[in-house]
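Chemist: Next comes the structure file my_file12.cif, holding mmCIF, C-alpha atoms.
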data_model
#
loop_
_atom_site.label_atom_id
_atom_site.label_comp_id
_atom_site.auth_asym_id
_atom_site.auth_seq_id
_atom_site.Cartn_x
_atom_site.Cartn_y
_atom_site.Cartn_z
CA MET A 1 0.00 0.00 0.00
CA THR A 2 1.29 3.47 -0.85
CA ARG A 3 0.47 6.39 1.40
CA ILE A 4 1.03 9.98 0.40
CA PHE A 5 1.61 12.57 3.10
CA LEU A 6 1.25 16.27 2.40
CA ILE A 7 2.71 18.34 5.20
CA LYS A 8 2.54 22.13 5.47
CA VAL A 9 5.01 23.92 7.69
CA LEU A 10 5.54 27.62 8.21
CA GLY A 11 9.17 28.51 7.70
CA CYS A 12 11.18 31.19 9.48
CA ALA A 13 9.81 33.96 7.28
CA GLN A 14 6.26 32.62 7.76
CA THR A 15 6.29 31.19 4.24
CA ALA A 16 4.57 27.90 3.74
CA VAL A 17 6.74 24.93 2.84
CA LEU A 18 4.95 21.90 1.44
CA PHE A 19 6.41 18.41 1.56
CA THR A 20 4.93 15.48 -0.29
CA ILE A 21 6.21 12.08 0.73
CA SER A 22 5.11 8.83 -0.86
CA LEU A 23 5.97 5.67 1.06
CA ASN A 24 5.30 2.02 0.41
CA ILE A 25 3.97 0.72 3.70
CA LYS A 26 3.75 -2.91 4.78
CA ARG A 27 0.81 -3.37 7.10
CA GLY A 28 0.76 -5.54 10.19
CA ASP A 29 4.34 -4.94 11.34
CA TRP A 30 3.64 -2.01 13.66
CA MET A 31 1.68 -1.10 16.75
CA GLU A 32 -1.38 1.07 16.40
CA GLU A 33 -0.98 4.78 17.16
CA LYS A 34 -3.13 4.59 20.29
CA ASP A 35 -0.93 1.79 21.66
CA ILE A 36 2.24 3.81 21.08
CA ILE A 37 0.64 6.83 22.75
CA GLY A 38 -0.28 4.57 25.68
CA LEU A 39 3.34 3.43 26.00
CA LEU A 40 4.52 7.04 25.91
CA MET A 41 1.97 8.08 28.55
CA ASN A 42 3.17 5.23 30.79
CA ARG A 43 6.83 6.23 30.13
CA LYS A 44 7.77 2.83 28.66
CA GLU A 45 11.06 2.88 26.73
CA GLU A 46 9.58 0.40 24.24
CA ALA A 47 7.67 3.39 22.83
CA ILE A 48 10.89 4.81 21.36
CA GLU A 49 11.58 1.52 19.57
CA GLU A 50 8.05 1.49 18.19
CA LEU A 51 8.36 5.13 17.08
CA GLY A 52 11.54 4.22 15.22
CA ALA A 53 9.96 1.18 13.57
CA LYS A 54 6.82 3.00 12.50
CA TYR A 55 8.01 6.55 11.77
CA GLY A 56 11.79 6.34 11.30
CA LYS A 57 11.74 6.16 7.51
CA LEU A 58 9.10 8.90 7.19
CA CYS A 59 10.95 11.25 9.55
CA GLY A 60 14.22 10.56 7.75
CA GLN A 61 12.75 11.39 4.35
CA LEU A 62 11.16 14.59 5.63
CA ALA A 63 14.39 15.73 7.28
CA PHE A 64 16.49 14.83 4.23
CA ARG A 65 14.33 17.08 2.06
CA VAL A 66 15.47 20.03 4.18
CA LEU A 67 18.96 19.05 5.33
CA ASN A 68 20.47 16.99 2.46
CA ASN A 69 23.02 15.50 4.85
CA GLU A 70 22.67 11.95 6.18
CA GLN A 71 24.42 12.65 9.50
CA ASP A 72 22.23 15.68 10.21
CA VAL A 73 19.16 13.68 9.21
CA GLN A 74 19.97 10.93 11.71
CA GLU A 75 20.52 13.50 14.45
CA CYS A 76 17.24 15.21 13.57
CA VAL A 77 15.36 11.89 13.68
CA ASN A 78 16.84 11.11 17.10
CA ASP A 79 15.93 14.59 18.32
CA THR A 80 12.40 13.98 17.02
CA TYR A 81 12.07 10.85 19.15
CA PHE A 82 13.38 12.75 22.15
CA ALA A 83 10.96 15.65 21.61
CA VAL A 84 8.05 13.21 21.37
CA TRP A 85 9.24 11.50 24.57
CA GLU A 86 9.50 14.85 26.38
CA ASN A 87 6.11 16.17 25.18
CA ILE A 88 3.89 13.10 25.68
CA PRO A 89 2.66 13.53 28.40
CA PRO A 90 1.37 16.25 28.85
CA ASP A 91 0.37 16.37 25.16
CA CYS A 92 -1.93 13.62 23.93
CA PRO A 93 -2.15 13.93 20.13
CA SER A 94 -5.10 12.41 18.33
CA HIS A 95 -2.99 11.80 15.20
CA LEU A 96 0.49 10.62 16.14
CA THR A 97 1.69 10.53 12.51
CA ALA A 98 0.97 14.22 12.01
CA TYR A 99 2.42 15.07 15.42
CA VAL A 100 5.71 13.23 14.75
CA CYS A 101 6.01 14.64 11.21
CA LYS A 102 5.42 18.19 12.42
CA ILE A 103 8.19 17.82 14.99
CA ALA A 104 10.60 16.28 12.45
CA VAL A 105 10.06 19.03 9.89
CA SER A 106 10.22 21.77 12.53
CA LEU A 107 13.48 20.41 13.91
CA SER A 108 15.06 20.03 10.48
CA THR A 109 14.00 23.55 9.51
CA VAL A 110 15.42 25.00 12.74
CA SER A 111 18.61 22.96 12.27
CA ASN A 112 19.05 24.34 8.79
CA THR A 113 18.91 27.95 10.05
CA ILE A 114 21.05 27.78 13.22
CA PRO A 115 24.74 28.64 12.83
CA ALA A 116 27.04 25.97 14.31
CA LYS A 117 28.66 28.35 16.81
CA ASN A 118 25.25 28.88 18.48
CA ALA A 119 24.40 25.19 18.49
CA VAL A 120 21.65 24.30 20.93
CA PRO A 121 19.86 20.93 20.88
CA ARG A 122 17.14 21.12 18.24
CA TRP A 123 14.46 19.74 20.52
CA MET A 124 14.82 22.78 22.79
CA HIS A 125 13.77 25.06 19.93
CA TYR A 126 10.72 22.92 19.25
CA CYS A 127 9.70 22.81 22.93
CA ALA A 128 10.02 26.58 23.23
CA ASN A 129 7.38 27.20 20.54
#
Now, as a test, write the supplied structure out as structure tokens.
Modeler:
Amino acid sequence: MTRIFLIKVLGCAQTAVLFTISLNIKRGDWMEEKDIIGLLMNRKEEAIEELGAKYGKLCGQLAFRVLNNEQDVQECVNDTYFAVWENIPPDCPSHLTAYVCKIAVSLSTVSNTIPAKNAVPRWMHYCAN
């Protein structure tokens, strides 16, 4: 099955950036979103593994569209997992896919605009918004 995601993000100058990602998805290998959210709410570390299995490829493709550097992409994906871990709870998103994608794109956009000498963990910029 092929799923197409269209994600709209406001950039630094409040200009809309649209990303279209098409992924071939094999069903049955992953937990349901509500189960992953339950693991995150209960602070189970298994939730990070499930996030990686379900959303790792999607987050990586989104970040690569902005960063064009594999090392930065991997760091952005890891920061995405950390931001999700830090924000659930108290957040309880109804659509985990959109929530994770929004964080990944926001972090990659912030990463692309921060000079290295002022480097601050990307997740801190996301949490501040």
Chemist: Up to 10 Å from (5.7, 11.6, 15.5) in the file's coordinates: name the residues, counting only C-alpha atoms, as a compact mmCIF listing (two decimals) with C-alpha atoms, in the coordinates of the input.
Modeler:
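The resulting file, out_8.txt, is shown below:
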# COMPACT_ATOMS: atom_id res chain seq x y z
CA GLU A 33 -0.98 4.78 17.16
CA LEU A 51 8.36 5.13 17.08
CA GLY A 52 11.54 4.22 15.22
CA LYS A 54 6.82 3.00 12.50
CA TYR A 55 8.01 6.55 11.77
CA GLY A 56 11.79 6.34 11.30
CA LEU A 58 9.10 8.90 7.19
CA CYS A 59 10.95 11.25 9.55
CA VAL A 77 15.36 11.89 13.68
CA THR A 80 12.40 13.98 17.02
CA TYR A 81 12.07 10.85 19.15
CA ALA A 83 10.96 15.65 21.61
CA VAL A 84 8.05 13.21 21.37
CA TRP A 85 9.24 11.50 24.57
CA PRO A 93 -2.15 13.93 20.13
CA HIS A 95 -2.99 11.80 15.20
CA LEU A 96 0.49 10.62 16.14
CA THR A 97 1.69 10.53 12.51
CA ALA A 98 0.97 14.22 12.01
CA TYR A 99 2.42 15.07 15.42
CA VAL A 100 5.71 13.23 14.75
CA CYS A 101 6.01 14.64 11.21
CA LYS A 102 5.42 18.19 12.42
CA ILE A 103 8.19 17.82 14.99
CA ALA A 104 10.60 16.28 12.45
Chemist: Just to confirm, what's the straight-line distance from atom CA of A:Arg65 to atom CA of A:Asn87 in Å (one decimal)?
Modeler: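 Value for the atom CA of A:Arg65-atom CA of A:Asn87 distance: 24.6 Å.
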Chemist: At what distance in Å, to one decimal, does atom CA of A:Phe82 lie from atom CA of A:Lys44?
Modeler: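 Atom CA of A:Phe82 lies 13.1 Å from atom CA of A:Lys44.
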Chemist: For this structure, which residues satisfy the selection - the PyMOL selection byres ((chain A and resi 75) around 10) - when it is evaluated on the file as given? I want them as a PyMOL selection string.
Modeler: chain A and resi 60+63+70-74+76-80+107-108+111+121-122
Chemist: At what distance in Å, to one decimal, does atom CA of A:Phe64 lie from atom CA of A:Glu46?
Modeler: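 Distance reported for this atom pair: 25.6 Å.
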